[in-house]
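Visitor: My structure is in start16.txt, and what it holds is compact mmCIF, N, CA and C atoms:
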```
# COMPACT_ATOMS: atom_id res chain seq x y z
N LEU A 1 -9.55 -8.18 2.38
CA LEU A 1 -8.17 -8.16 1.93
C LEU A 1 -7.86 -6.76 1.41
N LEU A 2 -6.76 -6.20 1.88
CA LEU A 2 -6.32 -4.88 1.43
C LEU A 2 -4.82 -4.90 1.27
N LEU A 3 -4.36 -4.34 0.17
CA LEU A 3 -2.93 -4.22 -0.07
C LEU A 3 -2.64 -2.76 -0.38
N SER A 4 -1.75 -2.17 0.39
CA SER A 4 -1.34 -0.79 0.16
C SER A 4 0.17 -0.78 -0.06
N VAL A 5 0.58 -0.17 -1.16
CA VAL A 5 2.00 -0.02 -1.47
C VAL A 5 2.27 1.47 -1.54
N GLY A 6 3.22 1.93 -0.74
CA GLY A 6 3.47 3.36 -0.71
C GLY A 6 4.92 3.73 -0.48
N ASN A 7 5.20 4.96 -0.82
CA ASN A 7 6.52 5.51 -0.56
C ASN A 7 6.44 6.54 0.57
N GLY A 8 5.23 6.83 1.00
CA GLY A 8 5.01 7.76 2.10
C GLY A 8 4.12 7.13 3.15
N MET A 9 3.91 7.85 4.24
CA MET A 9 3.19 7.30 5.38
C MET A 9 1.68 7.20 5.18
N SER A 10 1.07 8.19 4.53
CA SER A 10 -0.40 8.22 4.49
C SER A 10 -0.94 7.75 3.15
N THR A 11 -2.16 7.23 3.22
CA THR A 11 -2.86 6.69 2.06
C THR A 11 -4.31 7.13 2.13
N GLY A 12 -4.90 7.43 1.00
CA GLY A 12 -6.34 7.64 0.93
C GLY A 12 -6.91 8.65 1.89
N GLY A 13 -6.36 9.83 1.93
CA GLY A 13 -6.94 10.89 2.75
C GLY A 13 -6.56 10.83 4.22
N GLY A 14 -5.42 10.24 4.53
CA GLY A 14 -4.93 10.31 5.89
C GLY A 14 -4.79 9.00 6.63
N PHE A 15 -5.14 7.88 6.03
CA PHE A 15 -4.91 6.59 6.67
C PHE A 15 -3.41 6.35 6.75
N LEU A 16 -2.92 6.01 7.91
CA LEU A 16 -1.49 5.74 8.09
C LEU A 16 -1.23 4.24 7.95
N LEU A 17 -1.47 3.71 6.76
CA LEU A 17 -1.29 2.27 6.54
C LEU A 17 0.17 1.87 6.53
N THR A 18 1.04 2.76 6.11
CA THR A 18 2.49 2.50 6.11
C THR A 18 3.18 3.60 6.92
N PRO A 19 2.95 3.63 8.24
CA PRO A 19 3.43 4.75 9.06
C PRO A 19 4.94 4.85 9.19
N GLU A 20 5.65 3.78 8.88
CA GLU A 20 7.11 3.82 9.00
C GLU A 20 7.79 4.11 7.66
N ALA A 21 6.99 4.36 6.62
CA ALA A 21 7.54 4.65 5.28
C ALA A 21 8.25 5.99 5.28
N ARG A 22 9.33 6.05 4.53
CA ARG A 22 10.10 7.28 4.37
C ARG A 22 10.35 7.49 2.88
N VAL A 23 10.08 8.68 2.39
CA VAL A 23 10.22 8.93 0.95
C VAL A 23 11.67 8.89 0.48
N ASP A 24 12.61 9.00 1.41
CA ASP A 24 14.03 9.06 1.02
C ASP A 24 14.82 7.80 1.37
N ASP A 25 14.14 6.70 1.71
CA ASP A 25 14.89 5.50 2.08
C ASP A 25 15.12 4.54 0.91
N GLY A 26 14.56 4.84 -0.26
CA GLY A 26 14.78 4.00 -1.43
C GLY A 26 13.96 2.73 -1.45
N LEU A 27 12.94 2.62 -0.58
CA LEU A 27 12.14 1.40 -0.49
C LEU A 27 10.65 1.71 -0.57
N LEU A 28 9.90 0.78 -1.13
CA LEU A 28 8.45 0.82 -1.07
C LEU A 28 8.01 0.11 0.20
N ASP A 29 7.03 0.65 0.87
CA ASP A 29 6.48 0.00 2.06
C ASP A 29 5.14 -0.63 1.69
N ILE A 30 4.96 -1.87 2.13
CA ILE A 30 3.77 -2.63 1.79
C ILE A 30 3.02 -2.96 3.08
N CYS A 31 1.71 -2.74 3.05
CA CYS A 31 0.84 -3.14 4.15
C CYS A 31 -0.21 -4.07 3.57
N LEU A 32 -0.23 -5.30 4.03
CA LEU A 32 -1.23 -6.28 3.63
C LEU A 32 -2.11 -6.58 4.83
N ILE A 33 -3.40 -6.35 4.68
CA ILE A 33 -4.35 -6.75 5.72
C ILE A 33 -5.09 -7.95 5.16
N LYS A 34 -4.90 -9.09 5.82
CA LYS A 34 -5.48 -10.35 5.35
C LYS A 34 -7.00 -10.29 5.40
N LYS A 35 -7.63 -11.22 4.71
CA LYS A 35 -9.09 -11.27 4.67
C LYS A 35 -9.64 -11.45 6.09
N VAL A 36 -10.53 -10.55 6.46
CA VAL A 36 -11.17 -10.59 7.78
C VAL A 36 -12.67 -10.33 7.61
N ASN A 37 -13.45 -10.65 8.63
CA ASN A 37 -14.88 -10.38 8.56
C ASN A 37 -15.16 -8.91 8.83
N ARG A 38 -16.39 -8.48 8.57
CA ARG A 38 -16.75 -7.06 8.70
C ARG A 38 -16.55 -6.54 10.12
N ARG A 39 -16.85 -7.35 11.09
CA ARG A 39 -16.67 -6.92 12.48
C ARG A 39 -15.20 -6.60 12.76
N ARG A 40 -14.32 -7.44 12.26
CA ARG A 40 -12.89 -7.21 12.46
C ARG A 40 -12.41 -5.98 11.69
N VAL A 41 -12.96 -5.77 10.50
CA VAL A 41 -12.62 -4.56 9.74
C VAL A 41 -12.95 -3.33 10.57
N LEU A 42 -14.12 -3.31 11.17
CA LEU A 42 -14.53 -2.17 11.98
C LEU A 42 -13.63 -1.98 13.20
N SER A 43 -13.14 -3.07 13.77
CA SER A 43 -12.25 -2.93 14.93
C SER A 43 -10.83 -2.53 14.52
N LEU A 44 -10.42 -2.89 13.30
CA LEU A 44 -9.08 -2.51 12.81
C LEU A 44 -9.03 -1.07 12.31
N LEU A 45 -10.15 -0.55 11.85
CA LEU A 45 -10.19 0.76 11.22
C LEU A 45 -9.59 1.89 12.07
N PRO A 46 -9.98 2.05 13.33
CA PRO A 46 -9.39 3.15 14.12
C PRO A 46 -7.87 3.05 14.26
N SER A 47 -7.36 1.84 14.44
CA SER A 47 -5.91 1.70 14.59
C SER A 47 -5.20 1.94 13.25
N ALA A 48 -5.82 1.55 12.13
CA ALA A 48 -5.22 1.78 10.81
C ALA A 48 -5.17 3.27 10.49
N ILE A 49 -6.18 4.01 10.89
CA ILE A 49 -6.20 5.45 10.65
C ILE A 49 -5.03 6.11 11.38
N LYS A 50 -4.74 5.63 12.58
CA LYS A 50 -3.68 6.23 13.41
C LYS A 50 -2.31 5.61 13.19
N GLY A 51 -2.22 4.55 12.39
CA GLY A 51 -0.94 3.89 12.17
C GLY A 51 -0.54 2.98 13.31
N LYS A 52 -1.50 2.51 14.09
CA LYS A 52 -1.23 1.66 15.26
C LYS A 52 -1.61 0.20 15.00
N HIS A 53 -1.73 -0.20 13.76
CA HIS A 53 -2.20 -1.53 13.39
C HIS A 53 -1.08 -2.52 13.09
N LEU A 54 0.16 -2.09 13.16
CA LEU A 54 1.28 -2.89 12.68
C LEU A 54 1.48 -4.22 13.40
N LYS A 55 1.07 -4.31 14.64
CA LYS A 55 1.28 -5.55 15.40
C LYS A 55 0.05 -6.45 15.44
N GLU A 56 -0.99 -6.07 14.71
CA GLU A 56 -2.19 -6.91 14.65
C GLU A 56 -1.88 -8.18 13.86
N PRO A 57 -2.45 -9.33 14.27
CA PRO A 57 -2.10 -10.59 13.61
C PRO A 57 -2.50 -10.67 12.13
N GLU A 58 -3.48 -9.89 11.71
CA GLU A 58 -3.92 -9.93 10.31
C GLU A 58 -3.13 -8.99 9.41
N VAL A 59 -2.19 -8.27 9.98
CA VAL A 59 -1.45 -7.26 9.23
C VAL A 59 -0.02 -7.73 8.97
N VAL A 60 0.40 -7.62 7.71
CA VAL A 60 1.76 -7.97 7.32
C VAL A 60 2.39 -6.70 6.73
N ILE A 61 3.57 -6.34 7.24
CA ILE A 61 4.30 -5.17 6.76
C ILE A 61 5.61 -5.66 6.13
N HIS A 62 5.96 -5.07 5.01
CA HIS A 62 7.18 -5.49 4.31
C HIS A 62 7.75 -4.29 3.55
N GLN A 63 9.04 -4.30 3.29
CA GLN A 63 9.69 -3.28 2.47
C GLN A 63 10.37 -3.97 1.29
N THR A 64 10.33 -3.30 0.13
CA THR A 64 10.92 -3.87 -1.07
C THR A 64 11.21 -2.77 -2.09
N LEU A 65 11.96 -3.12 -3.12
CA LEU A 65 12.18 -2.20 -4.24
C LEU A 65 11.10 -2.37 -5.31
N LYS A 66 10.51 -3.59 -5.36
CA LYS A 66 9.60 -3.93 -6.45
C LYS A 66 8.63 -4.99 -5.97
N ILE A 67 7.37 -4.87 -6.40
CA ILE A 67 6.39 -5.91 -6.09
C ILE A 67 5.65 -6.26 -7.38
N GLU A 68 5.51 -7.55 -7.63
CA GLU A 68 4.76 -8.04 -8.78
C GLU A 68 3.49 -8.68 -8.25
N ILE A 69 2.35 -8.28 -8.80
CA ILE A 69 1.06 -8.74 -8.31
C ILE A 69 0.34 -9.47 -9.43
N THR A 70 -0.16 -10.66 -9.11
CA THR A 70 -0.94 -11.46 -10.05
C THR A 70 -2.25 -11.83 -9.38
N THR A 71 -3.36 -11.61 -10.09
CA THR A 71 -4.67 -11.94 -9.55
C THR A 71 -5.41 -12.86 -10.52
N LYS A 72 -6.39 -13.58 -10.00
CA LYS A 72 -7.19 -14.47 -10.84
C LYS A 72 -8.27 -13.71 -11.59
N GLU A 73 -8.70 -12.59 -11.03
CA GLU A 73 -9.70 -11.74 -11.68
C GLU A 73 -9.32 -10.29 -11.45
N PRO A 74 -9.77 -9.39 -12.32
CA PRO A 74 -9.42 -7.97 -12.14
C PRO A 74 -9.90 -7.45 -10.78
N ILE A 75 -9.07 -6.62 -10.17
CA ILE A 75 -9.40 -6.01 -8.88
C ILE A 75 -9.28 -4.49 -9.02
N PRO A 76 -10.00 -3.74 -8.18
CA PRO A 76 -9.86 -2.28 -8.25
C PRO A 76 -8.49 -1.84 -7.75
N ILE A 77 -7.86 -0.98 -8.51
CA ILE A 77 -6.52 -0.47 -8.18
C ILE A 77 -6.57 1.04 -8.27
N TYR A 78 -6.02 1.70 -7.27
CA TYR A 78 -5.98 3.16 -7.28
C TYR A 78 -4.53 3.60 -7.22
N TYR A 79 -4.19 4.53 -8.07
CA TYR A 79 -2.83 5.03 -8.20
C TYR A 79 -2.88 6.52 -7.90
N ASP A 80 -2.46 6.90 -6.72
CA ASP A 80 -2.49 8.30 -6.29
C ASP A 80 -3.88 8.91 -6.45
N GLY A 81 -4.89 8.14 -6.05
CA GLY A 81 -6.27 8.61 -6.12
C GLY A 81 -6.95 8.43 -7.46
N GLU A 82 -6.24 7.94 -8.45
CA GLU A 82 -6.79 7.74 -9.79
C GLU A 82 -6.94 6.25 -10.07
N LEU A 83 -7.85 5.93 -10.97
CA LEU A 83 -8.05 4.55 -11.41
C LEU A 83 -7.32 4.39 -12.74
N PRO A 84 -6.12 3.76 -12.73
CA PRO A 84 -5.32 3.69 -13.96
C PRO A 84 -5.85 2.64 -14.94
N LYS A 85 -5.50 2.82 -16.19
CA LYS A 85 -5.78 1.80 -17.20
C LYS A 85 -4.54 0.92 -17.29
N LEU A 86 -4.72 -0.36 -17.04
CA LEU A 86 -3.60 -1.29 -17.04
C LEU A 86 -3.60 -2.10 -18.34
N ASN A 87 -2.42 -2.37 -18.87
CA ASN A 87 -2.30 -3.23 -20.05
C ASN A 87 -2.80 -4.63 -19.74
N ASP A 88 -2.48 -5.12 -18.57
CA ASP A 88 -2.89 -6.46 -18.14
C ASP A 88 -3.42 -6.34 -16.71
N PRO A 89 -4.75 -6.27 -16.52
CA PRO A 89 -5.29 -6.06 -15.18
C PRO A 89 -5.10 -7.24 -14.22
N LEU A 90 -4.59 -8.36 -14.72
CA LEU A 90 -4.34 -9.51 -13.85
C LEU A 90 -2.90 -9.60 -13.39
N ASN A 91 -2.00 -8.90 -14.05
CA ASN A 91 -0.58 -8.93 -13.71
C ASN A 91 -0.01 -7.52 -13.82
N PHE A 92 0.55 -7.04 -12.74
CA PHE A 92 1.17 -5.72 -12.81
C PHE A 92 2.29 -5.62 -11.80
N THR A 93 3.16 -4.65 -12.03
CA THR A 93 4.35 -4.46 -11.21
C THR A 93 4.39 -3.03 -10.70
N ILE A 94 4.77 -2.88 -9.44
CA ILE A 94 5.01 -1.57 -8.85
C ILE A 94 6.48 -1.56 -8.46
N GLU A 95 7.20 -0.56 -8.96
CA GLU A 95 8.64 -0.52 -8.73
C GLU A 95 9.08 0.90 -8.40
N LEU A 96 9.98 1.02 -7.45
CA LEU A 96 10.56 2.30 -7.10
C LEU A 96 11.81 2.50 -7.95
N LEU A 97 11.83 3.58 -8.70
CA LEU A 97 12.96 3.88 -9.57
C LEU A 97 13.79 4.98 -8.92
N PRO A 98 14.95 4.63 -8.37
CA PRO A 98 15.76 5.63 -7.66
C PRO A 98 16.28 6.72 -8.58
N LYS A 99 16.27 7.93 -8.06
CA LYS A 99 16.83 9.11 -8.73
C LYS A 99 16.19 9.39 -10.09
N LYS A 100 14.89 9.12 -10.23
CA LYS A 100 14.19 9.36 -11.49
C LYS A 100 13.37 10.64 -11.47
N LEU A 101 13.27 11.30 -10.33
CA LEU A 101 12.51 12.54 -10.23
C LEU A 101 13.42 13.64 -9.71
N ASN A 102 13.62 14.65 -10.52
CA ASN A 102 14.45 15.78 -10.12
C ASN A 102 13.55 16.89 -9.61
N LEU A 103 13.83 17.38 -8.42
CA LEU A 103 13.07 18.47 -7.84
C LEU A 103 13.93 19.72 -7.79
N ILE A 104 13.33 20.83 -8.15
CA ILE A 104 14.01 22.12 -8.05
C ILE A 104 13.30 22.90 -6.96
N CYS A 105 14.02 23.21 -5.92
CA CYS A 105 13.41 23.92 -4.78
C CYS A 105 13.89 25.35 -4.72
```
Written as structure tokens, how would this file's structure read?
Guide:
Amino acid sequence: LLLSVGNGMSTGGGFLLTPEARVDDGLLDICLIKKVNRRRVLSLLPSAIKGKHLKEPEVVIHQTLKIEITTKEPIPIYYDGELPKLNDPLNFTIELLPKKLNLIC
């Protein structure tokens, strides 16, 4: 089981888990890969690296402004390559806040 939530196309050093994501569309892109056996993981890996996994039956793609995640036990979570400290490791929310980052170019 893998869940990737992103605002951009690449994750974790170049995996294109959310290849249709756009940083300026105001939406978070979610890629859920359902629980599969190790053999299937190995067969999905090349297509996930290239962003060609979207039509696989174990893959669910969705767009949203906010996702709330609840787990029965703590799971590893990475936030932009870092392992964050969560107030409640069983319940957390990821939300896109529009117009909250000002860039000066």
Visitor: Find the residues near region 2-9 of chain A: any atom within 5 Å, counting all atoms listed in the file, skip ones fewer than 6 places away on the same chain, and give them as a list in words.
Guide: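 Those residues are Leu16, Leu17, Thr18, Pro19, Ala21, Arg22, Val23, Leu28, Asp29, Ile30, Cys31, Leu32 and Ile33 of chain A.
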Visitor: Can you work out the spacing between atom C of Lys34 (chain A) and atom N of Val60 (chain A) in Å, to one decimal?
Guide: 8.2 Å
Visitor: Please identify the alpha helix (DSSP H) residues within chain A (assignment by DSSP from backbone atoms) and present them as a list of chain:residue names.
Guide: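 Of chain A, the ones in alpha helix (DSSP H) are A:Arg38, A:Arg39, A:Arg40, A:Val41, A:Leu42, A:Ser43, A:Leu44, A:Leu45, A:Pro46, A:Ser47, A:Ala48, A:Ile49, A:Lys50.
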Visitor: Counting all atoms listed in the file, which of A:Leu1, A:Lys55, A:Ile49, A:Pro76 gets nearest to Asn37 (chain A)?
Guide: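 Looking only at the distances to Asn37 (chain A), the closest residue turns out to be A:Leu1.
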Visitor: Set the distance at 9 Å and use only C-alpha atoms: which residues neighbour Ala48 (chain A) once local chain neighbours fewer than 3 positions away are removed? I'd like the list as a PyMOL selection string.
Guide: chain A and resi 15-17+44-45+51-54
Visitor: Kindly export the residues of the current selection with N, CA and C atoms, as a CSV table (one decimal), keeping the file's coordinate frame.
Guide:
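So the final result, stored in result-v2.csv, reads:
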```
chain,number,residue,atom,x,y,z
A,15,PHE,N,-5.1,7.9,6.0
A,15,PHE,CA,-4.9,6.6,6.7
A,15,PHE,C,-3.4,6.4,6.8
A,16,LEU,N,-2.9,6.0,7.9
A,16,LEU,CA,-1.5,5.7,8.1
A,16,LEU,C,-1.2,4.2,8.0
A,17,LEU,N,-1.5,3.7,6.8
A,17,LEU,CA,-1.3,2.3,6.5
A,17,LEU,C,0.2,1.9,6.5
A,44,LEU,N,-10.4,-2.9,13.3
A,44,LEU,CA,-9.1,-2.5,12.8
A,44,LEU,C,-9.0,-1.1,12.3
A,45,LEU,N,-10.2,-0.6,11.8
A,45,LEU,CA,-10.2,0.8,11.2
A,45,LEU,C,-9.6,1.9,12.1
A,51,GLY,N,-2.2,4.6,12.4
A,51,GLY,CA,-0.9,3.9,12.2
A,51,GLY,C,-0.5,3.0,13.3
A,52,LYS,N,-1.5,2.5,14.1
A,52,LYS,CA,-1.2,1.7,15.3
A,52,LYS,C,-1.6,0.2,15.0
A,53,HIS,N,-1.7,-0.2,13.8
A,53,HIS,CA,-2.2,-1.5,13.4
A,53,HIS,C,-1.1,-2.5,13.1
A,54,LEU,N,0.2,-2.1,13.2
A,54,LEU,CA,1.3,-2.9,12.7
A,54,LEU,C,1.5,-4.2,13.4
```
Visitor: Quick one: everything within 7 Å of Thr93 (chain A), counting all atoms listed in the file, minus sequence neighbours fewer than 4 positions away in the same chain. Send it as a VMD selection string.
Guide: chain A and resid 66 to 69
Visitor: Which residue out of A:Leu86, A:Ser10, A:Leu96, A:Asn102 has the minimum interatomic distance to Leu27 (chain A) when all atoms listed in the file are used?
Guide: A:Leu96
Visitor: I'd like to know which of A:Lys85, A:Lys35, A:Arg40, A:Lys50 is closest to Thr11 (chain A), using only C-alpha atoms.
Guide: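 Closest candidate: A:Lys50.
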Visitor: Can you work out the spacing between CA of Gly12 (chain A) and CA of Gly81 (chain A) in Å, to one decimal?
Guide: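 Spanning CA of Gly12 (chain A) to CA of Gly81 (chain A) is a straight-line distance of 7.1 Å.
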Visitor: What does the distance from atom C of Glu58 (chain A) to CA of Asp88 (chain A) come to in Å, to one decimal?
Guide: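 Between atom C of Glu58 (chain A) and CA of Asp88 (chain A) the gap works out to 27.7 Å.
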Visitor: Put a box with edges along x, y and z around all the listed atoms of region 91-94 of chain A, pad it by 6 Å on each side, then give me its centre and sizes in Å, one decimal, as lines of an AutoDock Vina configuration file.
Guide:
```
center_x = 2.2
center_y = -5.2
center_z = -11.3
size_x = 20.5
size_y = 19.4
size_z = 17.6
```
Visitor: Determine which residues of chain A receive a DSSP assignment of strand (DSSP E or B), computed from the backbone, and state them as a PyMOL selection string.
Guide: chain A and resi 2-6+11+15+28-33+59-64+66-70+79+82+91-95
Visitor: Write out as a PDB file with N, CA and C atoms, in the coordinates of the input each polymer residue whose atoms come within 8 Å of Glu73 (chain A), counting only N, CA and C atoms; drop sequence neighbours fewer than 4 positions from it.
Guide:
```pdb
ATOM      1  N   PRO A  89      -4.750  -6.270 -16.520  1.00  0.00           N
ATOM      2  CA  PRO A  89      -5.290  -6.060 -15.180  1.00  0.00           C
ATOM      3  C   PRO A  89      -5.100  -7.240 -14.220  1.00  0.00           C
ATOM      4  N   LEU A  90      -4.590  -8.360 -14.720  1.00  0.00           N
ATOM      5  CA  LEU A  90      -4.340  -9.510 -13.850  1.00  0.00           C
ATOM      6  C   LEU A  90      -2.900  -9.600 -13.390  1.00  0.00           C
ATOM      7  N   ASN A  91      -2.000  -8.900 -14.050  1.00  0.00           N
ATOM      8  CA  ASN A  91      -0.580  -8.930 -13.710  1.00  0.00           C
ATOM      9  C   ASN A  91      -0.010  -7.520 -13.820  1.00  0.00           C
TER      10      ASN A  91
END
```
Visitor: So, counting only N, CA and C atoms, which residue among A:Thr71, A:Ile104, A:Asp80, A:Val41 is closest to Phe92 (chain A)?
Guide: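 Answer, going by the shortest atom-to-atom distance: A:Thr71.
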